[in-house]
Amino acid sequence: MHPVTRLGRVIQQLRSFGELHAGELEALAAELDATSASDVAARLRIYRDVQRDEAQMIVDELVDIQADMAANDQSEELQAPAAITSSGTRDPAINSPRRAKWLAEQAAEEERRRQPLSRRDFFSGGAKPDE
């Protein structure tokens, strides 16, 4: 999964948790107001607001990171469409359709070579190429 997508999910979860906890704290504060413990309810609302602000700071930072990563990914795609091979060099043709066709042909040829020869082909000199 792409890091930008993963960050989006984390941001969504943080927002959901923040809203959930804020709602729970507000419900508890409302109950405390009803039982004439308004000073405790006021303190609880302060904690709710601090928690919400801290969670928002984290979400804002993650949104900035996500935007930077998305911009970086786009600039890399525009600058260097060539992929890095297993040897660490850039290969501009690694994602080309012609290369994909050639690789498919090579795989089909390899599979054909793995198939057993019939007795008729074997005795008539129909040996597999490259053997």
# chains A, B, ... in the order shown; residues from 1 in each chain; ligands from 1
>>> select_by_dssp(residues="chain A", states="strand (DSSP E or B)", output="list in words")
Ala83, Ile84, Arg90 and Asp91 of chain A
>>> write_last_selection(atoms="C-alpha atoms", output="PDB file, in the first residue's frame")
ATOM      1  CA  ALA A  83      13.061   2.545 -12.765  1.00  0.00           C
ATOM      2  CA  ILE A  84      16.020   1.228 -10.815  1.00  0.00           C
ATOM      3  CA  ARG A  90      18.469   3.168 -13.951  1.00  0.00           C
ATOM      4  CA  ASP A  91      16.732   1.382 -16.811  1.00  0.00           C
TER       5      ASP A  91
END
>>> residues_around(residues="Leu25 (chain A)", least_positions_apart="5", cutoff="9 Å", atoms="only C-alpha atoms", output="ChimeraX atom specification")
/A:20,30,44-45,47-48
>>> write_last_selection(atoms="C-alpha atoms", output="short mmCIF file (atom, residue, chain, number, x, y, z; two decimals), in the first residue's frame")
data_model
loop_
_atom_site.label_atom_id
_atom_site.label_comp_id
_atom_site.auth_asym_id
_atom_site.auth_seq_id
_atom_site.Cartn_x
_atom_site.Cartn_y
_atom_site.Cartn_z
CA LEU A 20 -15.25 9.94 19.71
CA ALA A 30 -23.23 16.97 30.85
CA LEU A 44 -13.43 17.98 32.19
CA ARG A 45 -14.31 20.30 29.30
CA TYR A 47 -9.26 18.43 29.31
CA ARG A 48 -11.51 17.68 26.32
#
>>> atom_distance(atom1="CA of Asp33 (chain A)", atom2="CA of Ile46 (chain A)")
14.2 Å
>>> closest_residue(among="A:Glu24, A:Asp68, A:Glu19, A:Asp121", to="Arg52 (chain A)", atoms="only C-alpha atoms")
A:Glu19
>>> closest_residue(among="A:Leu28, A:Ala34, A:Leu14, A:Ala108", to="Asp60 (chain A)", atoms="only C-alpha atoms")
A:Leu14
>>> closest_residue(among="A:Leu32, A:Ile58, A:Ala27, A:Ala42", to="Gln12 (chain A)", atoms="only C-alpha atoms")
A:Ile58
>>> closest_residue(among="A:Gln66, A:Pro116, A:Asp73, A:Asp49", to="Glu26 (chain A)", atoms="only C-alpha atoms")
A:Asp49
>>> closest_residue(among="A:Ala55, A:Ala41, A:Val50, A:Ala29", to="Gln13 (chain A)", atoms="only C-alpha atoms")
A:Ala55
>>> select_by_dssp(residues="region 3-104 of chain A", states="helix (DSSP H, G or I)", output="JSON, numbers by chain")
{"A": [3, 4, 5, 6, 7, 8, 9, 10, 11, 12, 13, 14, 15, 16, 17, 18, 19, 20, 21, 22, 23, 24, 25, 26, 27, 28, 29, 30, 31, 32, 33, 34, 38, 39, 40, 41, 42, 43, 44, 45, 46, 47, 48, 49, 50, 51, 52, 53, 54, 55, 56, 57, 58, 59, 60, 61, 62, 63, 64, 65, 66, 67, 68, 69, 70, 71, 72, 73, 74, 75, 76, 77, 78, 79, 97, 98, 99, 100, 101, 102, 103, 104]}
